[in-house]
file model02.json (JSON, C-alpha atoms and all ligand atoms)
[["chain", "number", "residue", "atom", "x", "y", "z"],
["A", 1, "MET", "CA", 62.25, 234.21, -70.09],
["A", 2, "LEU", "CA", 60.92, 231.83, -72.72],
["A", 3, "ALA", "CA", 57.72, 229.79, -72.30],
["A", 4, "VAL", "CA", 56.63, 226.90, -74.55],
["A", 5, "ILE", "CA", 52.89, 226.23, -74.73],
["A", 6, "THR", "CA", 51.82, 222.96, -76.37],
["A", 7, "GLY", "CA", 48.53, 223.21, -78.25],
["A", 8, "GLY", "CA", 48.91, 226.95, -77.78],
["A", 9, "ALA", "CA", 46.89, 228.21, -80.74],
["A", 10, "LYS", "CA", 43.35, 227.53, -79.54],
["A", 11, "GLY", "CA", 41.08, 227.54, -76.49],
["A", 12, "ILE", "CA", 42.85, 227.39, -73.12],
["A", 13, "GLY", "CA", 46.30, 227.28, -74.78],
["A", 14, "ARG", "CA", 45.60, 230.51, -76.61],
["A", 15, "ALA", "CA", 44.55, 232.26, -73.38],
["A", 16, "ILE", "CA", 47.68, 230.92, -71.64],
["A", 17, "THR", "CA", 49.90, 232.23, -74.45],
["A", 18, "LEU", "CA", 48.42, 235.73, -74.21],
["A", 19, "GLU", "CA", 48.50, 235.81, -70.41],
["A", 20, "LEU", "CA", 52.16, 234.76, -70.34],
["A", 21, "ALA", "CA", 52.97, 237.36, -73.02],
["A", 22, "ARG", "CA", 51.17, 240.01, -70.93],
["A", 23, "ASN", "CA", 53.42, 238.97, -68.06],
["A", 24, "GLY", "CA", 56.52, 239.57, -70.20],
["A", 25, "PHE", "CA", 57.36, 236.00, -71.23],
["A", 26, "ASP", "CA", 58.56, 235.32, -74.77],
["A", 27, "VAL", "CA", 56.32, 232.60, -76.18],
["A", 28, "ALA", "CA", 57.01, 229.57, -78.37],
["A", 29, "ILE", "CA", 53.55, 228.56, -79.59],
["A", 30, "ASN", "CA", 53.15, 224.91, -80.55],
["A", 31, "TYR", "CA", 50.28, 223.94, -82.82],
["A", 32, "ASN", "CA", 49.40, 220.83, -84.79],
["A", 33, "ARG", "CA", 46.46, 221.58, -87.12],
["A", 34, "SER", "CA", 45.53, 225.19, -86.35],
["A", 35, "GLU", "CA", 48.14, 227.06, -88.40],
["A", 36, "ASP", "CA", 46.02, 230.13, -89.19],
["A", 37, "SER", "CA", 45.04, 230.59, -85.53],
["A", 38, "ALA", "CA", 48.69, 230.12, -84.51],
["A", 39, "LYS", "CA", 49.85, 232.84, -86.94],
["A", 40, "ALA", "CA", 47.18, 235.29, -85.76],
["A", 41, "LEU", "CA", 48.06, 234.58, -82.13],
["A", 42, "ARG", "CA", 51.77, 235.09, -82.80],
["A", 43, "ASP", "CA", 50.98, 238.55, -84.15],
["A", 44, "GLU", "CA", 48.83, 239.35, -81.09],
["A", 45, "ALA", "CA", 51.66, 238.26, -78.76],
["A", 46, "VAL", "CA", 54.26, 240.31, -80.67],
["A", 47, "ALA", "CA", 51.96, 243.34, -80.35],
["A", 48, "LEU", "CA", 52.22, 242.88, -76.57],
["A", 49, "GLY", "CA", 55.95, 243.57, -76.86],
["A", 50, "VAL", "CA", 57.46, 240.08, -76.49],
["A", 51, "LYS", "CA", 59.10, 237.65, -78.91],
["A", 52, "ALA", "CA", 56.70, 235.06, -80.28],
["A", 53, "GLU", "CA", 57.15, 232.29, -82.83],
["A", 54, "ILE", "CA", 55.06, 229.31, -83.94],
["A", 55, "PHE", "CA", 56.23, 225.69, -84.17],
["A", 56, "ARG", "CA", 54.25, 222.90, -85.83],
["A", 57, "ALA", "CA", 54.53, 219.47, -84.22],
["A", 58, "ASP", "CA", 52.27, 216.60, -83.26],
["A", 59, "VAL", "CA", 53.64, 216.36, -79.72],
["A", 60, "SER", "CA", 52.21, 212.86, -79.28],
["A", 61, "ILE", "CA", 55.01, 211.70, -81.62],
["A", 62, "GLN", "CA", 58.35, 211.76, -79.79],
["A", 63, "ASP", "CA", 60.44, 212.53, -82.91],
["A", 64, "GLU", "CA", 58.28, 215.55, -83.75],
["A", 65, "ALA", "CA", 58.53, 216.85, -80.17],
["A", 66, "THR", "CA", 62.32, 216.38, -80.24],
["A", 67, "LYS", "CA", 62.66, 218.22, -83.54],
["A", 68, "MET", "CA", 60.46, 221.04, -82.29],
["A", 69, "PHE", "CA", 62.49, 221.58, -79.11],
["A", 70, "ALA", "CA", 65.69, 221.74, -81.19],
["A", 71, "GLU", "CA", 64.06, 224.36, -83.45],
["A", 72, "ILE", "CA", 62.84, 226.38, -80.47],
["A", 73, "LYS", "CA", 66.32, 226.39, -78.91],
["A", 74, "SER", "CA", 68.11, 227.46, -82.07],
["A", 75, "SER", "CA", 65.53, 230.12, -82.88],
["A", 76, "MET", "CA", 64.51, 231.49, -79.45],
["A", 77, "GLY", "CA", 66.98, 230.17, -76.84],
["A", 78, "VAL", "CA", 66.65, 228.21, -73.63],
["A", 79, "VAL", "CA", 63.20, 227.27, -72.32],
["A", 80, "SER", "CA", 62.34, 228.36, -68.75],
["A", 81, "VAL", "CA", 58.63, 227.50, -68.68],
["A", 82, "LEU", "CA", 56.81, 224.54, -70.25],
["A", 83, "VAL", "CA", 53.03, 224.35, -70.31],
["A", 84, "ASN", "CA", 51.79, 220.87, -71.25],
["A", 85, "ASN", "CA", 48.37, 221.88, -72.52],
["A", 86, "ALA", "CA", 47.74, 219.88, -75.74],
["A", 87, "GLY", "CA", 44.79, 217.56, -75.24],
["A", 88, "ILE", "CA", 41.99, 215.66, -76.97],
["A", 89, "THR", "CA", 38.87, 213.70, -76.04],
["A", 90, "ARG", "CA", 37.50, 210.51, -77.63],
["A", 91, "ASP", "CA", 34.50, 209.98, -75.35],
["A", 92, "THR", "CA", 32.55, 206.75, -75.22],
["A", 93, "LEU", "CA", 31.52, 204.11, -72.69],
["A", 94, "ILE", "CA", 34.18, 201.56, -71.75],
["A", 95, "MET", "CA", 32.44, 198.64, -73.47],
["A", 96, "ARG", "CA", 32.37, 200.58, -76.75],
["A", 97, "MET", "CA", 35.85, 202.07, -76.46],
["A", 98, "LYS", "CA", 38.25, 200.94, -79.16],
["A", 99, "ALA", "CA", 41.94, 200.46, -78.43],
["A", 100, "GLU", "CA", 42.69, 203.38, -80.76],
["A", 101, "ASP", "CA", 40.33, 205.67, -78.76],
["A", 102, "TRP", "CA", 42.27, 204.70, -75.64],
["A", 103, "GLN", "CA", 45.72, 204.94, -77.21],
["A", 104, "SER", "CA", 45.30, 208.26, -79.00],
["A", 105, "VAL", "CA", 44.04, 209.99, -75.84],
["A", 106, "ILE", "CA", 46.84, 208.54, -73.69],
["A", 107, "ASN", "CA", 49.44, 209.43, -76.33],
["A", 108, "THR", "CA", 48.27, 213.04, -76.73],
["A", 109, "ASN", "CA", 47.33, 213.89, -73.15],
["A", 110, "LEU", "CA", 49.97, 211.94, -71.22],
["A", 111, "SER", "CA", 52.86, 210.62, -73.35],
["A", 112, "ALA", "CA", 53.29, 214.01, -75.05],
["A", 113, "ALA", "CA", 53.72, 215.65, -71.64],
["A", 114, "PHE", "CA", 56.44, 213.11, -70.82],
["A", 115, "TYR", "CA", 58.26, 213.73, -74.13],
["A", 116, "CYS", "CA", 58.10, 217.53, -73.83],
["A", 117, "THR", "CA", 58.99, 217.60, -70.13],
["A", 118, "GLN", "CA", 62.01, 215.36, -70.66],
["A", 119, "LEU", "CA", 63.20, 217.63, -73.49],
["A", 120, "ALA", "CA", 62.65, 220.84, -71.49],
["A", 121, "LEU", "CA", 64.30, 219.47, -68.35],
["A", 122, "LYS", "CA", 67.69, 219.07, -70.04],
["A", 123, "ASP", "CA", 68.31, 222.83, -70.20],
["A", 124, "MET", "CA", 66.30, 223.60, -67.07],
["A", 125, "ALA", "CA", 68.54, 221.29, -65.03],
["A", 126, "LYS", "CA", 71.66, 223.03, -66.41],
["A", 127, "ALA", "CA", 70.16, 226.45, -65.61],
["A", 128, "ARG", "CA", 68.96, 225.19, -62.20],
["A", 129, "TYR", "CA", 65.69, 226.94, -62.96],
["A", 130, "GLY", "CA", 62.40, 225.87, -64.51],
["A", 131, "ARG", "CA", 58.63, 225.83, -64.31],
["A", 132, "ILE", "CA", 56.63, 222.85, -65.62],
["A", 133, "ILE", "CA", 52.86, 223.31, -65.65],
["A", 134, "CYS", "CA", 50.58, 220.46, -66.74],
["A", 135, "ILE", "CA", 46.92, 220.91, -67.63],
["A", 136, "SER", "CA", 45.02, 218.05, -66.02],
["A", 137, "SER", "CA", 41.23, 218.09, -65.43],
["A", 138, "VAL", "CA", 38.74, 217.67, -62.59],
["A", 139, "VAL", "CA", 37.86, 214.43, -64.37],
["A", 140, "GLY", "CA", 41.34, 213.17, -63.46],
["A", 141, "LEU", "CA", 40.39, 213.62, -59.80],
["A", 142, "THR", "CA", 36.84, 212.26, -59.91],
["A", 143, "GLY", "CA", 36.59, 209.95, -62.95],
["A", 144, "ASN", "CA", 33.72, 210.35, -65.39],
["A", 145, "ALA", "CA", 31.35, 207.95, -67.12],
["A", 146, "GLY", "CA", 32.12, 207.97, -70.85],
["A", 147, "GLN", "CA", 35.64, 209.33, -70.36],
["A", 148, "ALA", "CA", 37.72, 206.40, -69.02],
["A", 149, "ASN", "CA", 40.54, 207.14, -71.46],
["A", 150, "TYR", "CA", 40.51, 210.89, -70.78],
["A", 151, "ALA", "CA", 40.20, 210.48, -67.00],
["A", 152, "ALA", "CA", 43.08, 207.99, -66.97],
["A", 153, "SER", "CA", 45.27, 210.39, -68.95],
["A", 154, "LYS", "CA", 44.40, 213.32, -66.67],
["A", 155, "ALA", "CA", 44.93, 211.29, -63.48],
["A", 156, "GLY", "CA", 48.19, 210.02, -64.98],
["A", 157, "ILE", "CA", 49.42, 213.54, -65.58],
["A", 158, "ILE", "CA", 48.94, 214.34, -61.90],
["A", 159, "GLY", "CA", 51.16, 211.40, -60.87],
["A", 160, "PHE", "CA", 53.66, 212.40, -63.53],
["A", 161, "THR", "CA", 53.72, 216.05, -62.35],
["A", 162, "LYS", "CA", 54.27, 215.03, -58.72],
["A", 163, "SER", "CA", 57.12, 212.72, -59.75],
["A", 164, "VAL", "CA", 58.82, 215.51, -61.73],
["A", 165, "ALA", "CA", 58.36, 217.77, -58.69],
["A", 166, "ARG", "CA", 60.07, 215.25, -56.42],
["A", 167, "GLU", "CA", 62.95, 214.55, -58.82],
["A", 168, "TYR", "CA", 63.74, 218.21, -59.57],
["A", 169, "ALA", "CA", 62.74, 220.21, -56.46],
["A", 170, "SER", "CA", 66.36, 220.55, -55.32],
["A", 171, "ARG", "CA", 67.37, 222.03, -58.67],
["A", 172, "GLY", "CA", 65.16, 225.10, -58.73],
["A", 173, "ILE", "CA", 62.54, 223.45, -60.94],
["A", 174, "THR", "CA", 58.89, 223.28, -59.92],
["A", 175, "ALA", "CA", 56.16, 221.12, -61.44],
["A", 176, "ASN", "CA", 52.50, 221.81, -60.79],
["A", 177, "ALA", "CA", 49.20, 220.77, -62.34],
["A", 178, "ILE", "CA", 46.00, 222.67, -62.94],
["A", 179, "ALA", "CA", 42.70, 220.83, -62.98],
["A", 180, "PRO", "CA", 40.17, 222.92, -64.90],
["A", 181, "GLY", "CA", 36.50, 222.19, -64.49],
["A", 182, "PHE", "CA", 34.05, 223.00, -67.29],
["A", 183, "ILE", "CA", 35.65, 225.66, -69.49],
["A", 184, "ASP", "CA", 34.13, 227.32, -72.56],
["A", 185, "THR", "CA", 36.22, 226.05, -75.54],
["A", 186, "SER", "CA", 35.72, 223.93, -78.66],
["A", 187, "MET", "CA", 36.29, 220.86, -76.44],
["A", 188, "THR", "CA", 33.09, 221.59, -74.49],
["A", 189, "ASP", "CA", 31.13, 223.15, -77.39],
["A", 190, "VAL", "CA", 30.43, 219.66, -78.70],
["A", 191, "LEU", "CA", 28.56, 218.53, -75.57],
["A", 192, "LYS", "CA", 24.79, 218.10, -75.87],
["A", 193, "PRO", "CA", 22.66, 220.85, -74.20],
["A", 194, "GLU", "CA", 21.20, 218.38, -71.67],
["A", 195, "MET", "CA", 24.71, 217.33, -70.67],
["A", 196, "LYS", "CA", 25.78, 220.98, -70.30],
["A", 197, "ASP", "CA", 22.72, 221.64, -68.08],
["A", 198, "ALA", "CA", 23.57, 218.66, -65.87],
["A", 199, "ILE", "CA", 27.19, 219.84, -65.52],
["A", 200, "LEU", "CA", 26.07, 223.40, -64.70],
["A", 201, "LYS", "CA", 24.02, 222.08, -61.78],
["A", 202, "SER", "CA", 27.20, 220.54, -60.30],
["A", 203, "ILE", "CA", 29.13, 223.84, -60.33],
["A", 204, "PRO", "CA", 28.69, 225.85, -57.10],
["A", 205, "ALA", "CA", 29.70, 229.05, -58.95],
["A", 206, "GLY", "CA", 26.71, 228.43, -61.23],
["A", 207, "ARG", "CA", 28.53, 229.16, -64.46],
["A", 208, "ILE", "CA", 31.00, 227.79, -66.96],
["A", 209, "GLY", "CA", 34.59, 229.00, -66.61],
["A", 210, "ASN", "CA", 36.48, 230.86, -69.29],
["A", 211, "PRO", "CA", 39.97, 230.09, -70.67],
["A", 212, "GLU", "CA", 41.39, 233.33, -69.19],
["A", 213, "GLU", "CA", 40.57, 232.09, -65.68],
["A", 214, "VAL", "CA", 42.74, 228.99, -66.27],
["A", 215, "ALA", "CA", 45.47, 231.14, -67.85],
["A", 216, "LYS", "CA", 45.75, 233.34, -64.72],
["A", 217, "ALA", "CA", 46.49, 230.25, -62.63],
["A", 218, "VAL", "CA", 49.13, 229.11, -65.15],
["A", 219, "ALA", "CA", 50.80, 232.53, -64.99],
["A", 220, "PHE", "CA", 50.93, 232.25, -61.20],
["A", 221, "PHE", "CA", 52.85, 228.95, -61.38],
["A", 222, "ALA", "CA", 55.04, 230.28, -64.23],
["A", 223, "LYS", "CA", 56.45, 233.19, -62.24],
["A", 224, "GLU", "CA", 59.67, 233.18, -60.21],
["A", 225, "ASP", "CA", 57.62, 234.10, -57.12],
["A", 226, "SER", "CA", 56.02, 230.64, -56.98],
["A", 227, "ALA", "CA", 59.42, 229.00, -56.26],
["A", 228, "TYR", "CA", 58.32, 227.29, -53.03],
["A", 229, "ILE", "CA", 55.18, 225.70, -54.52],
["A", 230, "THR", "CA", 55.70, 222.35, -56.23],
["A", 231, "GLY", "CA", 53.83, 219.09, -56.78],
["A", 232, "GLN", "CA", 50.47, 220.79, -56.31],
["A", 233, "VAL", "CA", 47.19, 220.38, -58.15],
["A", 234, "LEU", "CA", 45.09, 223.53, -58.36],
["A", 235, "ALA", "CA", 41.45, 223.09, -59.38],
["A", 236, "VAL", "CA", 40.07, 226.00, -61.41],
["A", 237, "ASP", "CA", 36.51, 224.77, -61.42],
["A", 238, "GLY", "CA", 34.04, 227.13, -59.72],
["A", 239, "GLY", "CA", 34.01, 224.83, -56.70],
["A", 240, "MET", "CA", 33.10, 221.59, -58.54],
["A", 241, "THR", "CA", 35.60, 219.39, -56.68],
["A", 242, "MET", "CA", 35.63, 220.78, -53.15],
["A", 243, "VAL", "CA", 36.38, 218.12, -50.53],
["B", 301, "LIG", "P1", 40.65, 222.72, -77.62],
["B", 301, "LIG", "O1", 40.08, 224.08, -77.81],
["B", 301, "LIG", "O2", 40.07, 221.56, -78.31],
["B", 301, "LIG", "O3", 42.22, 222.80, -77.91],
["B", 301, "LIG", "C1", 43.02, 221.67, -77.88],
["B", 301, "LIG", "C2", 44.42, 222.08, -78.23],
["B", 301, "LIG", "O4", 45.27, 220.92, -78.18],
["B", 301, "LIG", "C3", 44.52, 222.65, -79.64],
["B", 301, "LIG", "O5", 45.33, 223.81, -79.60],
["B", 301, "LIG", "C4", 45.22, 221.53, -80.43],
["B", 301, "LIG", "O6", 46.09, 222.02, -81.43],
["B", 301, "LIG", "C5", 46.05, 220.90, -79.33],
["B", 301, "LIG", "N1", 46.45, 219.53, -79.71],
["B", 301, "LIG", "C6", 45.67, 218.42, -79.77],
["B", 301, "LIG", "N2", 46.40, 217.37, -80.17],
["B", 301, "LIG", "C7", 47.66, 217.82, -80.38],
["B", 301, "LIG", "C8", 48.86, 217.22, -80.79],
["B", 301, "LIG", "N3", 48.92, 215.91, -81.06],
["B", 301, "LIG", "N4", 49.98, 217.99, -80.90],
["B", 301, "LIG", "C9", 49.94, 219.32, -80.62],
["B", 301, "LIG", "N5", 48.81, 219.94, -80.22],
["B", 301, "LIG", "C10", 47.69, 219.21, -80.10],
["B", 301, "LIG", "O7", 40.59, 222.31, -76.06],
["B", 301, "LIG", "P2", 40.85, 223.12, -74.72],
["B", 301, "LIG", "O8", 39.59, 223.07, -73.97],
["B", 301, "LIG", "O9", 41.50, 224.42, -74.98],
["B", 301, "LIG", "O10", 41.86, 222.12, -73.99],
["B", 301, "LIG", "C11", 43.18, 222.48, -73.61],
["B", 301, "LIG", "C12", 43.60, 221.59, -72.45],
["B", 301, "LIG", "O11", 42.75, 221.80, -71.33],
["B", 301, "LIG", "C13", 43.49, 220.09, -72.78],
["B", 301, "LIG", "O12", 44.58, 219.39, -72.18],
["B", 301, "LIG", "C14", 42.19, 219.70, -72.11],
["B", 301, "LIG", "O13", 42.16, 218.33, -71.81],
["B", 301, "LIG", "C15", 42.23, 220.57, -70.88],
["B", 301, "LIG", "N6", 40.95, 220.76, -70.23],
["B", 301, "LIG", "C16", 39.91, 221.39, -70.86],
["B", 301, "LIG", "C17", 38.71, 221.54, -70.19],
["B", 301, "LIG", "C18", 37.53, 222.24, -70.80],
["B", 301, "LIG", "O14", 36.44, 222.25, -70.17],
["B", 301, "LIG", "N7", 37.63, 222.84, -71.97],
["B", 301, "LIG", "C19", 38.56, 221.07, -68.87],
["B", 301, "LIG", "C20", 39.64, 220.44, -68.28],
["B", 301, "LIG", "C21", 40.82, 220.31, -68.94],
["B", 301, "LIG", "P3", 45.68, 222.11, -83.01],
["B", 301, "LIG", "O15", 44.31, 222.70, -83.07],
["B", 301, "LIG", "O16", 46.76, 223.00, -83.58],
["B", 301, "LIG", "O17", 45.76, 220.71, -83.58]]

call {"tool": "encode", "arguments": {"input": "model02.json", "output": "structure tokens", "more": "lines below"}}
Ligand code: NAP
result
Amino acid sequence: MLAVITGGAKGIGRAITLELARNGFDVAINYNRSEDSAKALRDEAVALGVKAEIFRADVSIQDEATKMFAEIKSSMGVVSVLVNNAGITRDTLIMRMKAEDWQSVINTNLSAAFYCTQLALKDMAKARYGRIICISSVVGLTGNAGQANYAASKAGIIGFTKSVAREYASRGITANAIAPGFIDTSMTDVLKPEMKDAILKSIPAGRIGNPEEVAKAVAFFAKEDSAYITGQVLAVDGGMTMV
């Protein structure tokens, strides 16, 4: 089975790619800027005994996403699993937020998931089989000062995922979201030490998560065994968002 991972070359996407490869999935690795990392990751995935290829596209641009899915199909075949992982932050307080800070985050974190899901669903519907997995965030559940754009995109992706789940449940296609907490990647590296300390205090597990812990949850939703689970949001957050 073939899995597409958007933003697959770095951070959480990289861990997801390797975990899916370890579970026997062929992997189509999307990247935008990180070509060297994508090439190295492709070689690592191939060494695990699966097919792996890299595809450059800015998935926030619909034409690029469309072209990429056509290339993936002609080169690797029909997509069974889509992981909408590509994401960015442009953090600032609402009163300072420029329209372009808002728009670029919504385009990358939310619109791209719509473009890619719509493209993947065409063949999934024909096959009457598919797994869509969207990477949201705990911030999409709770909101966060300084991240109105990011929180809106991550809350939006939850509504989107649940809608896909409802539309396609009868056709063997599941859609689930994962809401990671504070995970050790280049996205969180940039936070100031005092901010990291404050976040750590809010994590019952008392530590930052690692990308592999998110990847294990993605692999769970990607497998055939998870057929009766759809429209769910799974927090992978060390207990940050318990209710
Ligand atoms: P990261 O290390 O900064 O990686 C971001 C990835 O997104 C990169 O692979 C990047 O690809 C890709 N990307 C960004 N814009 C893209 C575009 N327009 N087209 C294609 N790919 C694009 O961040 P990360 O922490 O692994 O984040 C991965 C996902 O997890 C994101 O959706 C993020 O919001 C979510 N998340 C992260 C955390 C955390 O604590 N780290 C918590 C909750 C949720 P290139 O480098 O090739 O451009």

call {"tool": "closest_residue", "arguments": {"input": "model02.json", "among": "A:Arg90, A:Lys216, A:Arg22, A:Arg33", "to": "ligand LIG 301 (chain B)", "atoms": "only C-alpha atoms and all ligand atoms"}}
result
A:Arg33

call {"tool": "residues_around", "arguments": {"input": "model02.json", "residues": "Arg56 in chain A", "least_positions_apart": "4", "cutoff": "6 Å", "atoms": "all atoms listed in the file", "output": "number ranges by chain"}}
result
A: 30-32

call {"tool": "write_last_selection", "arguments": {"input": "model02.json", "atoms": "C-alpha atoms", "output": "PDB file, in the frame of the given file"}}
result
ATOM      1  CA  ASN A  30      53.150 224.910 -80.550  1.00  0.00           C
ATOM      2  CA  TYR A  31      50.280 223.940 -82.820  1.00  0.00           C
ATOM      3  CA  ASN A  32      49.400 220.830 -84.790  1.00  0.00           C
TER       4      ASN A  32
END

call {"tool": "residues_near_ligand", "arguments": {"input": "model02.json", "ligand": "ligand LIG 301 (chain B)", "cutoff": "8 Å", "atoms": "only C-alpha atoms and all ligand atoms", "output": "count of residues only"}}
result
50

call {"tool": "atom_distance", "arguments": {"input": "model02.json", "atom1": "CA of Gly24 in chain A", "atom2": "CA of Lys51 in chain A"}}
result
9.3 Å

call {"tool": "residues_near_point", "arguments": {"input": "model02.json", "point": "(70.3, 229.0, -59.2)", "cutoff": "10 Å", "atoms": "all atoms listed in the file", "output": "list in words"}}
result
Ala125, Lys126, Ala127, Arg128, Tyr129, Arg171, Gly172 and Ile173 of chain A

call {"tool": "closest_residue", "arguments": {"input": "model02.json", "among": "A:Glu19, A:Asp63, A:Ala177, A:Ala52", "to": "Val164 in chain A", "atoms": "all atoms listed in the file"}}
result
A:Ala177

call {"tool": "atom_distance", "arguments": {"input": "model02.json", "atom1": "CA of Thr92 in chain A", "atom2": "CA of Ile157 in chain A"}}
result
20.6 Å

call {"tool": "closest_atom_pairs", "arguments": {"input": "model02.json", "of": "range 68-166 of chain A", "to": "range 219-223 of chain A", "cutoff": "8 Å", "atoms": "only C-alpha atoms", "output": "Markdown table"}}
result
| residue | atom | partner | partner_atom | distance |
| --- | --- | --- | --- | --- |
| A:Val81 | CA | A:Ala222 | CA | 6.4 |
| A:Arg131 | CA | A:Ala222 | CA | 5.7 |
| A:Ile132 | CA | A:Ala222 | CA | 7.7 |
| A:Ile133 | CA | A:Phe221 | CA | 7.1 |

call {"tool": "axis_aligned_box", "arguments": {"input": "model02.json", "around": "range 69-78 of chain A", "padding_each_side": "6 Å", "output": "AutoDock Vina command-line options"}}
result
--center_x 65.3 --center_y 226.5 --center_z -78.5 --size_x 17.6 --size_y 21.9 --size_z 21.8

call {"tool": "atom_distance", "arguments": {"input": "model02.json", "atom1": "CA of Leu110 in chain A", "atom2": "CA of Leu18 in chain A"}}
result
24.0 Å

call {"tool": "residues_near_point", "arguments": {"input": "model02.json", "point": "(56.5, 208.8, -64.8)", "cutoff": "12 Å", "atoms": "all atoms listed in the file", "output": "PyMOL selection string"}}
result
chain A and resi 110-115+117-118+155-167

call {"tool": "closest_residue", "arguments": {"input": "model02.json", "among": "A:Ser80, A:Ser170, A:Asn210, A:Ser202", "to": "Ala120 in chain A", "atoms": "all atoms listed in the file"}}
result
A:Ser80
